[in-house]
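Enquirer: Enclosed is the structure file model-v6.pdb (PDB, C-alpha atoms).
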```
MODEL        1
ATOM      1  CA  MET A 245    -120.734  -0.007-113.953
ATOM      2  CA  LEU A 246    -119.923   3.477-115.291
ATOM      3  CA  HIS A 247    -117.434   2.008-117.791
ATOM      4  CA  ASN A 248    -120.037  -0.431-119.115
ATOM      5  CA  GLU A 249    -122.652   2.304-119.472
ATOM      6  CA  VAL A 250    -120.268   4.594-121.352
ATOM      7  CA  SER A 251    -119.296   1.711-123.631
ATOM      8  CA  ARG A 252    -122.922   0.897-124.413
ATOM      9  CA  ARG A 253    -123.696   4.550-125.152
ATOM     10  CA  ALA A 254    -120.708   4.869-127.455
ATOM     11  CA  TRP A 255    -121.588   1.732-129.433
ATOM     12  CA  ILE A 256    -125.242   2.691-129.759
ATOM     13  CA  LYS A 257    -124.380   6.215-130.889
ATOM     14  CA  GLY A 258    -121.910   4.836-133.426
ATOM     15  CA  SER A 259    -124.452   2.369-134.778
ATOM     16  CA  LEU A 260    -127.114   5.012-135.290
ATOM     17  CA  THR A 261    -124.672   7.446-136.837
ATOM     18  CA  ALA A 262    -123.419   4.927-139.354
ATOM     19  CA  ALA A 263    -126.921   3.783-140.200
ATOM     20  CA  ALA A 264    -127.990   7.349-140.834
ATOM     21  CA  ALA A 265    -124.975   8.083-142.966
ATOM     22  CA  ILE A 266    -125.562   5.282-145.489
ATOM     23  CA  PRO A 267    -129.294   4.892-146.086
ATOM     24  CA  PHE A 268    -128.616   3.536-149.551
ATOM     25  CA  LEU A 269    -127.223   0.238-148.189
ATOM     26  CA  HIS A 270    -129.329  -2.780-147.201
ATOM     27  CA  ALA A 271    -128.407  -3.686-143.634
ATOM     28  CA  GLU A 272    -130.044  -7.094-143.793
ATOM     29  CA  ALA A 273    -127.865  -8.227-146.647
ATOM     30  CA  LEU A 274    -124.711  -6.910-145.039
ATOM     31  CA  LEU A 275    -125.464  -8.535-141.703
ATOM     32  CA  ALA A 276    -124.959 -11.885-143.377
ATOM     33  CA  GLN A 277    -121.383 -10.793-144.082
ATOM     34  CA  ALA A 278    -120.615  -9.719-140.485
ATOM     35  CA  PRO A 279    -117.168 -10.989-139.393
ATOM     36  CA  GLU A 280    -118.430 -13.468-136.788
ATOM     37  CA  ASP A 281    -114.956 -14.728-135.888
ATOM     38  CA  TYR A 282    -113.765 -11.176-135.335
ATOM     39  CA  VAL A 283    -116.715 -10.253-133.114
ATOM     40  CA  THR A 284    -116.404 -13.400-131.018
ATOM     41  CA  ARG A 285    -112.659 -13.045-130.558
ATOM     42  CA  TRP A 286    -112.186  -9.307-130.050
ATOM     43  CA  VAL A 287    -115.450  -7.822-128.718
ATOM     44  CA  HIS A 288    -116.618  -8.029-125.111
ATOM     45  CA  PRO A 289    -119.600 -10.410-124.761
ATOM     46  CA  GLU A 290    -121.900  -7.618-123.527
ATOM     47  CA  LEU A 291    -121.270  -5.675-126.743
ATOM     48  CA  GLN A 292    -121.251  -8.471-129.319
ATOM     49  CA  ALA A 293    -124.893  -8.075-130.391
ATOM     50  CA  MET A 294    -124.338  -4.398-131.143
ATOM     51  CA  ALA A 295    -121.002  -5.179-132.788
ATOM     52  CA  ARG A 296    -122.723  -7.511-135.243
ATOM     53  CA  GLN A 297    -125.186  -4.750-136.118
ATOM     54  CA  MET A 298    -122.384  -2.234-136.547
ATOM     55  CA  ALA A 299    -120.443  -4.630-138.761
ATOM     56  CA  ALA A 300    -123.239  -4.357-141.309
ATOM     57  CA  TYR A 301    -122.498  -0.678-141.738
ATOM     58  CA  THR A 302    -118.747  -0.947-141.985
ATOM     59  CA  GLN A 303    -118.947  -1.857-145.671
ATOM     60  CA  MET A 304    -119.888   1.654-146.699
ATOM     61  CA  PRO A 305    -118.524   3.458-149.761
ATOM     62  CA  PRO A 306    -115.018   4.865-149.272
ATOM     63  CA  LEU A 307    -114.854   8.343-147.797
ATOM     64  CA  SER A 308    -114.156  10.965-150.417
ATOM     65  CA  ALA A 309    -115.140  14.478-151.401
ATOM     66  CA  ALA A 310    -118.077  12.910-153.268
ATOM     67  CA  THR A 311    -119.468  10.833-150.367
ATOM     68  CA  LEU A 312    -118.692  13.192-147.475
ATOM     69  CA  PRO A 313    -121.715  15.533-147.889
ATOM     70  CA  GLN A 314    -124.157  12.626-147.726
ATOM     71  CA  MET A 315    -122.495  11.210-144.628
ATOM     72  CA  ARG A 316    -122.649  14.585-142.897
ATOM     73  CA  GLN A 317    -126.312  14.989-143.749
ATOM     74  CA  GLY A 318    -127.079  11.506-142.476
ATOM     75  CA  MET A 319    -125.397  12.139-139.134
ATOM     76  CA  ASN A 320    -127.325  15.349-138.561
ATOM     77  CA  ARG A 321    -130.645  13.515-138.744
ATOM     78  CA  TYR A 322    -129.926  11.349-135.720
ATOM     79  CA  MET A 323    -129.102  13.725-132.889
ATOM     80  CA  ARG A 324    -130.378  12.767-129.444
ATOM     81  CA  PRO A 325    -133.131  14.991-128.001
ATOM     82  CA  ARG A 326    -132.052  17.625-125.513
ATOM     83  CA  LEU A 327    -132.932  17.577-121.835
ATOM     84  CA  ALA A 328    -135.702  19.989-120.958
ATOM     85  CA  ASP A 329    -134.277  21.047-117.592
ATOM     86  CA  VAL A 330    -130.725  22.080-118.581
ATOM     87  CA  ALA A 331    -130.411  25.425-120.369
ATOM     88  CA  VAL A 332    -128.718  25.705-123.759
ATOM     89  CA  ASP A 333    -127.834  29.037-125.359
ATOM     90  CA  LYS A 334    -126.532  29.342-128.932
ATOM     91  CA  ARG A 335    -124.128  32.223-129.533
ATOM     92  CA  VAL A 336    -121.894  33.507-132.299
ATOM     93  CA  ILE A 337    -118.606  34.901-131.006
ATOM     94  CA  ALA A 338    -115.661  36.632-132.617
ATOM     95  CA  GLY A 339    -113.038  34.321-134.022
ATOM     96  CA  SER A 340    -109.307  34.612-133.495
ATOM     97  CA  ARG A 341    -107.564  37.472-135.273
ATOM     98  CA  GLY A 342    -108.067  37.126-139.006
ATOM     99  CA  GLN A 343    -110.496  34.212-138.586
ATOM    100  CA  PRO A 344    -114.288  34.088-139.130
ATOM    101  CA  PRO A 345    -116.899  34.183-136.321
ATOM    102  CA  VAL A 346    -117.468  30.964-134.398
ATOM    103  CA  THR A 347    -120.752  29.361-133.296
ATOM    104  CA  ILE A 348    -120.791  27.957-129.773
ATOM    105  CA  TYR A 349    -123.412  26.431-127.487
ATOM    106  CA  VAL A 350    -123.408  27.378-123.796
ATOM    107  CA  ILE A 351    -124.839  24.700-121.510
ATOM    108  CA  ASN A 352    -126.047  25.057-117.917
ATOM    109  CA  ALA A 353    -124.921  28.626-117.253
ATOM    110  CA  LYS A 354    -125.732  29.846-113.725
ATOM    111  CA  PRO A 355    -124.551  33.411-113.085
ATOM    112  CA  GLY A 356    -123.359  33.979-109.545
ATOM    113  CA  ALA A 357    -122.125  30.429-109.024
ATOM    114  CA  SER A 358    -118.497  29.302-109.011
ATOM    115  CA  ARG A 359    -118.372  25.880-110.628
ATOM    116  CA  PRO A 360    -116.067  23.997-112.982
ATOM    117  CA  GLY A 361    -116.336  24.694-116.715
ATOM    118  CA  ILE A 362    -115.777  22.430-119.713
ATOM    119  CA  LEU A 363    -114.694  23.435-123.216
ATOM    120  CA  ASP A 364    -115.934  20.602-125.428
ATOM    121  CA  THR A 365    -114.759  19.715-128.932
ATOM    122  CA  HIS A 366    -116.965  17.191-130.735
ATOM    123  CA  GLY A 367    -115.813  14.042-132.506
ATOM    124  CA  GLY A 368    -116.249  12.871-136.087
ATOM    125  CA  GLY A 369    -112.888  11.825-137.477
ATOM    126  CA  PHE A 370    -111.966  15.508-138.080
ATOM    127  CA  ILE A 371    -114.357  15.532-141.049
ATOM    128  CA  LEU A 372    -117.819  14.837-139.576
ATOM    129  CA  GLY A 373    -120.023  15.870-136.668
ATOM    130  CA  THR A 374    -121.349  19.092-135.190
ATOM    131  CA  ALA A 375    -121.365  20.788-131.803
ATOM    132  CA  GLU A 376    -125.125  20.221-131.650
ATOM    133  CA  GLY A 377    -124.507  16.487-131.662
ATOM    134  CA  ASP A 378    -122.795  16.738-128.262
ATOM    135  CA  ILE A 379    -125.441  18.849-126.529
ATOM    136  CA  ALA A 380    -127.577  16.077-125.010
ATOM    137  CA  ASP A 381    -124.557  14.289-123.535
ATOM    138  CA  LEU A 382    -123.115  17.553-122.245
ATOM    139  CA  GLN A 383    -126.414  18.450-120.615
ATOM    140  CA  ALA A 384    -126.343  15.158-118.734
ATOM    141  CA  THR A 385    -122.696  15.712-117.750
ATOM    142  CA  CYS A 386    -123.321  19.258-116.558
ATOM    143  CA  LYS A 387    -126.335  18.138-114.562
ATOM    144  CA  ALA A 388    -124.455  15.281-112.908
ATOM    145  CA  LEU A 389    -121.327  17.311-112.109
ATOM    146  CA  ASP A 390    -122.950  20.708-111.447
ATOM    147  CA  CYS A 391    -120.790  22.454-114.017
ATOM    148  CA  ALA A 392    -121.165  24.498-117.184
ATOM    149  CA  ALA A 393    -119.929  23.694-120.677
ATOM    150  CA  VAL A 394    -119.230  25.380-123.982
ATOM    151  CA  THR A 395    -119.098  23.264-127.132
ATOM    152  CA  VAL A 396    -117.548  24.714-130.285
ATOM    153  CA  ASP A 397    -118.838  24.269-133.832
ATOM    154  CA  TYR A 398    -115.333  24.365-135.272
ATOM    155  CA  ARG A 399    -114.690  24.263-139.008
ATOM    156  CA  LEU A 400    -114.284  20.756-140.386
ATOM    157  CA  ALA A 401    -111.640  19.241-142.615
ATOM    158  CA  PRO A 402    -110.921  19.007-145.487
ATOM    159  CA  GLU A 403    -112.402  22.476-146.044
ATOM    160  CA  THR A 404    -110.207  23.686-143.166
ATOM    161  CA  THR A 405    -107.085  21.997-141.803
ATOM    162  CA  TYR A 406    -106.047  21.924-138.146
ATOM    163  CA  GLN A 407    -104.668  25.451-138.568
ATOM    164  CA  GLY A 408    -108.242  26.746-138.844
ATOM    165  CA  SER A 409    -110.037  24.466-136.393
ATOM    166  CA  ILE A 410    -107.532  25.142-133.595
ATOM    167  CA  GLU A 411    -108.268  28.858-133.908
ATOM    168  CA  ASP A 412    -112.025  28.202-133.640
ATOM    169  CA  ASN A 413    -111.553  26.076-130.535
ATOM    170  CA  TYR A 414    -109.118  28.520-129.000
ATOM    171  CA  ALA A 415    -111.590  31.355-129.564
ATOM    172  CA  GLY A 416    -114.191  29.301-127.679
ATOM    173  CA  LEU A 417    -111.772  28.659-124.815
ATOM    174  CA  LYS A 418    -110.851  32.335-124.523
ATOM    175  CA  TRP A 419    -114.526  33.306-124.558
ATOM    176  CA  LEU A 420    -115.330  30.809-121.802
ATOM    177  CA  HIS A 421    -112.496  32.144-119.656
ATOM    178  CA  ALA A 422    -113.374  35.805-120.283
ATOM    179  CA  ASN A 423    -117.066  35.227-119.525
ATOM    180  CA  ALA A 424    -116.573  32.850-116.610
ATOM    181  CA  ALA A 425    -118.364  35.060-114.058
ATOM    182  CA  ALA A 426    -121.452  35.443-116.257
ATOM    183  CA  LEU A 427    -121.602  31.652-116.727
ATOM    184  CA  GLY A 428    -121.049  30.823-113.074
ATOM    185  CA  VAL A 429    -117.636  29.286-113.782
ATOM    186  CA  ASP A 430    -114.474  29.450-111.704
ATOM    187  CA  PRO A 431    -111.834  30.586-114.262
ATOM    188  CA  ARG A 432    -109.218  28.511-112.423
ATOM    189  CA  ARG A 433    -111.189  25.292-113.010
ATOM    190  CA  ILE A 434    -111.649  25.066-116.773
ATOM    191  CA  ALA A 435    -111.141  21.707-118.490
ATOM    192  CA  VAL A 436    -110.924  20.768-122.168
ATOM    193  CA  MET A 437    -112.726  17.605-123.254
ATOM    194  CA  GLY A 438    -113.528  15.630-126.379
ATOM    195  CA  GLY A 439    -114.067  12.142-127.752
ATOM    196  CA  SER A 440    -112.329  10.541-130.737
ATOM    197  CA  ALA A 441    -111.325  13.403-133.057
ATOM    198  CA  GLY A 442    -112.652  15.707-130.340
ATOM    199  CA  GLY A 443    -110.042  14.202-128.026
ATOM    200  CA  GLY A 444    -107.380  15.093-130.565
ATOM    201  CA  HIS A 445    -108.748  18.623-130.813
ATOM    202  CA  ALA A 446    -108.829  18.922-127.010
ATOM    203  CA  ALA A 447    -105.209  17.783-126.695
ATOM    204  CA  LEU A 448    -104.107  20.235-129.376
ATOM    205  CA  LEU A 449    -106.088  22.971-127.629
ATOM    206  CA  ALA A 450    -104.435  22.240-124.266
ATOM    207  CA  ILE A 451    -100.980  22.474-125.873
ATOM    208  CA  THR A 452    -101.920  25.700-127.660
ATOM    209  CA  ALA A 453    -103.252  27.255-124.441
ATOM    210  CA  ARG A 454    -100.053  26.281-122.646
ATOM    211  CA  ASP A 455     -97.865  27.801-125.358
ATOM    212  CA  ARG A 456     -99.828  31.054-125.651
ATOM    213  CA  GLY A 457    -100.123  31.534-121.904
ATOM    214  CA  GLU A 458    -103.458  33.375-121.917
ATOM    215  CA  VAL A 459    -105.880  30.801-120.504
ATOM    216  CA  PRO A 460    -105.019  28.347-117.718
ATOM    217  CA  VAL A 461    -106.332  24.840-118.387
ATOM    218  CA  ALA A 462    -106.824  22.796-115.223
ATOM    219  CA  PHE A 463    -107.550  19.416-116.794
ATOM    220  CA  GLN A 464    -107.924  17.586-120.090
ATOM    221  CA  CYS A 465    -110.364  14.713-120.569
ATOM    222  CA  LEU A 466    -109.463  12.777-123.712
ATOM    223  CA  ILE A 467    -111.993  10.058-124.559
ATOM    224  CA  TYR A 468    -110.637   7.407-126.989
ATOM    225  CA  PRO A 469    -108.767  10.269-128.679
ATOM    226  CA  MET A 470    -107.301  10.472-132.178
ATOM    227  CA  LEU A 471    -103.762  11.527-131.281
ATOM    228  CA  ASP A 472    -101.263   9.773-133.532
ATOM    229  CA  ASP A 473    -101.360  10.585-137.244
ATOM    230  CA  ARG A 474     -99.125   7.579-137.921
ATOM    231  CA  THR A 475    -102.263   5.428-137.548
ATOM    232  CA  GLY A 476    -103.423   7.055-140.788
ATOM    233  CA  SER A 477    -100.233   6.237-142.674
ATOM    234  CA  SER A 478     -99.340   3.098-144.587
ATOM    235  CA  ARG A 479     -98.628   1.175-141.380
ATOM    236  CA  VAL A 480    -100.726  -1.967-141.046
ATOM    237  CA  PRO A 481    -102.931  -1.751-137.911
ATOM    238  CA  PRO A 482    -103.213  -4.599-135.370
ATOM    239  CA  PRO A 483    -105.703  -7.316-136.371
ATOM    240  CA  GLN A 484    -108.387  -6.134-133.929
ATOM    241  CA  VAL A 485    -108.406  -2.565-135.289
ATOM    242  CA  GLY A 486    -110.450  -1.153-138.130
ATOM    243  CA  HIS A 487    -113.293  -3.638-138.535
ATOM    244  CA  LEU A 488    -116.258  -1.762-137.086
ATOM    245  CA  ILE A 489    -117.353   1.584-138.576
ATOM    246  CA  TRP A 490    -113.986   3.412-138.619
ATOM    247  CA  THR A 491    -111.812   1.568-141.114
ATOM    248  CA  PRO A 492    -108.133   2.150-141.987
ATOM    249  CA  GLN A 493    -109.194   3.874-145.225
ATOM    250  CA  GLN A 494    -111.470   6.258-143.361
ATOM    251  CA  ASN A 495    -108.775   6.916-140.785
ATOM    252  CA  ARG A 496    -106.271   7.824-143.493
ATOM    253  CA  TYR A 497    -108.809  10.117-145.137
ATOM    254  CA  GLY A 498    -109.566  11.840-141.830
ATOM    255  CA  TRP A 499    -105.923  12.451-140.987
ATOM    256  CA  GLN A 500    -105.031  13.541-144.533
ATOM    257  CA  SER A 501    -107.913  16.027-144.486
ATOM    258  CA  PHE A 502    -107.064  17.372-141.032
ATOM    259  CA  LEU A 503    -103.347  17.811-141.673
ATOM    260  CA  GLY A 504    -103.475  18.910-145.288
ATOM    261  CA  MET A 505    -100.596  16.527-145.949
ATOM    262  CA  THR A 506     -99.844  12.824-146.038
ATOM    263  CA  PRO A 507    -100.065  11.484-142.462
ATOM    264  CA  GLY A 508     -97.077   9.775-140.952
ATOM    265  CA  GLY A 509     -95.707  11.754-138.028
ATOM    266  CA  ALA A 510     -92.368  13.286-138.922
ATOM    267  CA  ALA A 511     -93.601  16.198-141.000
ATOM    268  CA  VAL A 512     -96.312  17.050-138.469
ATOM    269  CA  THR A 513     -94.162  17.217-135.370
ATOM    270  CA  ALA A 514     -91.864  19.675-137.120
ATOM    271  CA  ARG A 515     -94.662  22.116-137.835
ATOM    272  CA  ALA A 516     -95.606  24.418-134.968
ATOM    273  CA  VAL A 517     -99.162  25.424-134.146
ATOM    274  CA  PRO A 518     -99.647  29.023-135.375
ATOM    275  CA  ALA A 519     -99.395  31.721-132.723
TER     276      ALA A 519
ENDMDL
END
```
Represent the supplied structure as structure tokens.

Expert:
Amino acid sequence: MLHNEVSRRAWIKGSLTAAAAIPFLHAEALLAQAPEDYVTRWVHPELQAMARQMAAYTQMPPLSAATLPQMRQGMNRYMRPRLADVAVDKRVIAGSRGQPPVTIYVINAKPGASRPGILDTHGGGFILGTAEGDIADLQATCKALDCAAVTVDYRLAPETTYQGSIEDNYAGLKWLHANAAALGVDPRRIAVMGGSAGGGHAALLAITARDRGEVPVAFQCLIYPMLDDRTGSSRVPPPQVGHLIWTPQQNRYGWQSFLGMTPGGAAVTARAVPA
């Protein structure tokens, strides 16, 4: 039941995001071009109606420096409303040494408690999205699990590669750990979490925390994460991949922007995360 509900939420959120990002396209006309055979063969029956709607928005203009600002603006207009009974506090904290300040959102802080804490990194293909876009979901998570969360408004690619965004996320993690008592968090029970590109950021953050040895990470929750830059190379994806919203071209653009180099694996694994 939980799996089905998460799947529905993810598809709905993706549909709205894509629709917002390309208001200049006519959905009705594109729906007629939806890949019916693909939807019937590869998509679970419970999700096929939404898949057909999403297919209409897959035929958007290619991602580029010219189209990216409009897509970002479109996404920002469709954030879910926040819950009224779970506190949210916006803060600006010091960045890592030599890096700019970082905006974070603190969710469900309860001084005096000793609960788990989550450091969240939002999704968006490394090039889209904001921390604010995760707040409503994080409020629901914190309420259900009786925990606190911090979500980081890290710098996006291509303006900043992974070498900048990892420092933003690491600054958020260090702040959460240092301020655990004030947030009602047990510093021994801090998890990193993210979906899609946020899952990639969370994995990179867990590795960085391990290597630097300053903040213990108890758990990582990677939700359909972007982990393998080879998926953004010239390799041809499986036939069921890349038809709905996130296409191979967009994936290549996201990885190229994040890495600051042509994606493909070998060059990336040889480059260490900065200390």

Enquirer: Nearest residue to Leu449 (chain A) out of A:Glu290, A:Glu403, A:Asp364, A:Asp473, using only C-alpha atoms?

Expert: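 Comparing A:Glu290, A:Glu403, A:Asp364, A:Asp473 against Leu449 (chain A), the winner is A:Asp364.
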
Enquirer: Taking the file as shown, what set of residues would the PyMOL selection byres ((chain A and resi 435) around 10) give back, as a ChimeraX atom specification?

Expert: /A:360-364,393,417,431-434,436-437,446,450,460-465

Enquirer: Would you mind listing what lies within 10 Å of Asp329 (chain A) as a list in words, with only C-alpha atoms counted and same-chain residues fewer than 4 positions away left out?

Expert: Asn352, Gln383, Ala384 and Lys387 of chain A

Enquirer: Could you expand the PyMOL selection byres ((chain A and resi 479-493) around 8) into the explicit residues it covers here, written as a tab-separated table (two decimals) with C-alpha atoms, keeping the file's coordinate frame?

Expert:
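result.tsv, written as the output of this step:
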```
chain	number	residue	atom	x	y	z
A	258	GLY	CA	-121.91	4.84	-133.43
A	262	ALA	CA	-123.42	4.93	-139.35
A	282	TYR	CA	-113.76	-11.18	-135.34
A	286	TRP	CA	-112.19	-9.31	-130.05
A	295	ALA	CA	-121.00	-5.18	-132.79
A	298	MET	CA	-122.38	-2.23	-136.55
A	299	ALA	CA	-120.44	-4.63	-138.76
A	301	TYR	CA	-122.50	-0.68	-141.74
A	302	THR	CA	-118.75	-0.95	-141.99
A	306	PRO	CA	-115.02	4.86	-149.27
A	307	LEU	CA	-114.85	8.34	-147.80
A	474	ARG	CA	-99.12	7.58	-137.92
A	475	THR	CA	-102.26	5.43	-137.55
A	476	GLY	CA	-103.42	7.06	-140.79
A	477	SER	CA	-100.23	6.24	-142.67
A	478	SER	CA	-99.34	3.10	-144.59
A	494	GLN	CA	-111.47	6.26	-143.36
A	495	ASN	CA	-108.78	6.92	-140.78
A	496	ARG	CA	-106.27	7.82	-143.49
A	497	TYR	CA	-108.81	10.12	-145.14
```

Enquirer: Just checking: using all atoms listed in the file, which residue out of A:Val429, A:Ala401, A:Leu471, A:Leu372 ends up closest to Gly318 (chain A)?

Expert: A:Leu372

Enquirer: Could you please determine the separation between CA of Leu427 (chain A) and CA of Val346 (chain A) in Å, to one decimal place?

Expert: 18.2 Å

Enquirer: Which residue is closest to Ala415 (chain A)? Choose from A:Ala357, A:Leu382, A:Ala338, A:Ile451 and count all atoms listed in the file.

Expert: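 The closest residue to Ala415 (chain A) is A:Ala338.
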
Enquirer: As an exercise, work out the distance from CA of Pro345 (chain A) to CA of Leu400 (chain A) in Å and give it to one decimal place.

Expert: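 Between CA of Pro345 (chain A) and CA of Leu400 (chain A) the gap works out to 14.3 Å.
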
Enquirer: Quick check on the file I pasted: which residues fall under the PyMOL selection byres ((chain A and resi 404-411) around 8)? Write them as a PyMOL selection string.

Expert: chain A and resi 339-340+343+398-403+412-415+445+448-449+501-504+517-518

Enquirer: Can you write just those residues out, C-alpha atoms, as a PDB file, keeping the file's coordinate frame?

Expert:
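Output file out_9.pdb follows:
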```pdb
ATOM      1  CA  GLY A 339    -113.038  34.321-134.022  1.00  0.00           C
ATOM      2  CA  SER A 340    -109.307  34.612-133.495  1.00  0.00           C
ATOM      3  CA  GLN A 343    -110.496  34.212-138.586  1.00  0.00           C
ATOM      4  CA  TYR A 398    -115.333  24.365-135.272  1.00  0.00           C
ATOM      5  CA  ARG A 399    -114.690  24.263-139.008  1.00  0.00           C
ATOM      6  CA  LEU A 400    -114.284  20.756-140.386  1.00  0.00           C
ATOM      7  CA  ALA A 401    -111.640  19.241-142.615  1.00  0.00           C
ATOM      8  CA  PRO A 402    -110.921  19.007-145.487  1.00  0.00           C
ATOM      9  CA  GLU A 403    -112.402  22.476-146.044  1.00  0.00           C
ATOM     10  CA  ASP A 412    -112.025  28.202-133.640  1.00  0.00           C
ATOM     11  CA  ASN A 413    -111.553  26.076-130.535  1.00  0.00           C
ATOM     12  CA  TYR A 414    -109.118  28.520-129.000  1.00  0.00           C
ATOM     13  CA  ALA A 415    -111.590  31.355-129.564  1.00  0.00           C
ATOM     14  CA  HIS A 445    -108.748  18.623-130.813  1.00  0.00           C
ATOM     15  CA  LEU A 448    -104.107  20.235-129.376  1.00  0.00           C
ATOM     16  CA  LEU A 449    -106.088  22.971-127.629  1.00  0.00           C
ATOM     17  CA  SER A 501    -107.913  16.027-144.486  1.00  0.00           C
ATOM     18  CA  PHE A 502    -107.064  17.372-141.032  1.00  0.00           C
ATOM     19  CA  LEU A 503    -103.347  17.811-141.673  1.00  0.00           C
ATOM     20  CA  GLY A 504    -103.475  18.910-145.288  1.00  0.00           C
ATOM     21  CA  VAL A 517     -99.162  25.424-134.146  1.00  0.00           C
ATOM     22  CA  PRO A 518     -99.647  29.023-135.375  1.00  0.00           C
TER      23      PRO A 518
END
```

Enquirer: Between CA of Ile379 (chain A) and CA of Lys354 (chain A), what is the spacing in Å?

Expert: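 Result for CA of Lys354 (chain A) versus CA of Ile379 (chain A): 16.9 Å, one decimal.
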
Enquirer: Lys334 (chain A): which residues within 8 Å, counting all atoms listed in the file, same-chain residues fewer than 3 positions away excluded, as a PyMOL selection string?

Expert: chain A and resi 347-350

Enquirer: Around all of region 459-464 of chain A's listed atoms, make the axis-aligned box with 4 Å on each side and tell me centre and edge lengths in Å to one decimal, as AutoDock Vina command-line options.

Expert:
```
--center_x -106.5 --center_y 24.2 --center_z -117.9 --size_x 10.9 --size_y 21.2 --size_z 13.3
```

Enquirer: Identify which of the residues A:Asp472, A:Asp281, A:Asp390, A:Glu458 lies closest to Gly428 (chain A), counting only C-alpha atoms when measuring atom-to-atom distances.

Expert: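 Smallest distance to Gly428 (chain A) is found for A:Asp390.
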
Enquirer: Missing atoms in region 457-470 of chain A need filling: write out N, CA, C and O atoms for it as a PDB file, in the coordinates of the input.

Expert:
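Printed below is result.pdb as written:
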```pdb
ATOM      1  N   GLY A 457    -100.159  30.988-123.249  1.00  0.00           N
ATOM      2  CA  GLY A 457    -100.123  31.534-121.904  1.00  0.00           C
ATOM      3  C   GLY A 457    -101.220  32.511-121.543  1.00  0.00           C
ATOM      4  O   GLY A 457    -101.038  33.335-120.642  1.00  0.00           O
ATOM      5  N   GLU A 458    -102.363  32.439-122.194  1.00  0.00           N
ATOM      6  CA  GLU A 458    -103.458  33.375-121.917  1.00  0.00           C
ATOM      7  C   GLU A 458    -104.567  32.768-121.063  1.00  0.00           C
ATOM      8  O   GLU A 458    -105.231  33.484-120.307  1.00  0.00           O
ATOM      9  N   VAL A 459    -104.794  31.476-121.215  1.00  0.00           N
ATOM     10  CA  VAL A 459    -105.880  30.801-120.504  1.00  0.00           C
ATOM     11  C   VAL A 459    -105.325  29.586-119.769  1.00  0.00           C
ATOM     12  O   VAL A 459    -104.763  28.683-120.401  1.00  0.00           O
ATOM     13  N   PRO A 460    -105.461  29.546-118.444  1.00  0.00           N
ATOM     14  CA  PRO A 460    -105.019  28.347-117.718  1.00  0.00           C
ATOM     15  C   PRO A 460    -106.009  27.201-117.914  1.00  0.00           C
ATOM     16  O   PRO A 460    -107.212  27.391-117.790  1.00  0.00           O
ATOM     17  N   VAL A 461    -105.501  26.040-118.247  1.00  0.00           N
ATOM     18  CA  VAL A 461    -106.332  24.840-118.387  1.00  0.00           C
ATOM     19  C   VAL A 461    -106.017  23.920-117.216  1.00  0.00           C
ATOM     20  O   VAL A 461    -104.867  23.514-117.025  1.00  0.00           O
ATOM     21  N   ALA A 462    -107.031  23.589-116.429  1.00  0.00           N
ATOM     22  CA  ALA A 462    -106.824  22.796-115.223  1.00  0.00           C
ATOM     23  C   ALA A 462    -106.770  21.302-115.496  1.00  0.00           C
ATOM     24  O   ALA A 462    -106.159  20.548-114.730  1.00  0.00           O
ATOM     25  N   PHE A 463    -107.394  20.863-116.598  1.00  0.00           N
ATOM     26  CA  PHE A 463    -107.550  19.416-116.794  1.00  0.00           C
ATOM     27  C   PHE A 463    -107.915  19.155-118.244  1.00  0.00           C
ATOM     28  O   PHE A 463    -108.580  19.978-118.886  1.00  0.00           O
ATOM     29  N   GLN A 464    -107.461  18.026-118.777  1.00  0.00           N
ATOM     30  CA  GLN A 464    -107.924  17.586-120.090  1.00  0.00           C
ATOM     31  C   GLN A 464    -108.498  16.179-119.980  1.00  0.00           C
ATOM     32  O   GLN A 464    -107.900  15.309-119.354  1.00  0.00           O
ATOM     33  N   CYS A 465    -109.671  16.001-120.570  1.00  0.00           N
ATOM     34  CA  CYS A 465    -110.364  14.713-120.569  1.00  0.00           C
ATOM     35  C   CYS A 465    -110.425  14.231-122.010  1.00  0.00           C
ATOM     36  O   CYS A 465    -111.226  14.736-122.805  1.00  0.00           O
ATOM     37  N   LEU A 466    -109.580  13.275-122.345  1.00  0.00           N
ATOM     38  CA  LEU A 466    -109.463  12.777-123.712  1.00  0.00           C
ATOM     39  C   LEU A 466    -110.099  11.396-123.778  1.00  0.00           C
ATOM     40  O   LEU A 466    -109.596  10.449-123.176  1.00  0.00           O
ATOM     41  N   ILE A 467    -111.204  11.280-124.503  1.00  0.00           N
ATOM     42  CA  ILE A 467    -111.993  10.058-124.559  1.00  0.00           C
ATOM     43  C   ILE A 467    -111.694   9.350-125.881  1.00  0.00           C
ATOM     44  O   ILE A 467    -111.975   9.883-126.950  1.00  0.00           O
ATOM     45  N   TYR A 468    -111.128   8.151-125.805  1.00  0.00           N
ATOM     46  CA  TYR A 468    -110.637   7.407-126.989  1.00  0.00           C
ATOM     47  C   TYR A 468    -110.162   8.366-128.084  1.00  0.00           C
ATOM     48  O   TYR A 468    -110.664   8.385-129.204  1.00  0.00           O
ATOM     49  N   PRO A 469    -109.128   9.168-127.785  1.00  0.00           N
ATOM     50  CA  PRO A 469    -108.767  10.269-128.679  1.00  0.00           C
ATOM     51  C   PRO A 469    -107.985   9.831-129.922  1.00  0.00           C
ATOM     52  O   PRO A 469    -107.250   8.848-129.902  1.00  0.00           O
ATOM     53  N   MET A 470    -108.145  10.582-130.990  1.00  0.00           N
ATOM     54  CA  MET A 470    -107.301  10.472-132.178  1.00  0.00           C
ATOM     55  C   MET A 470    -106.091  11.370-131.944  1.00  0.00           C
ATOM     56  O   MET A 470    -106.187  12.586-132.024  1.00  0.00           O
TER      57      MET A 470
END
```
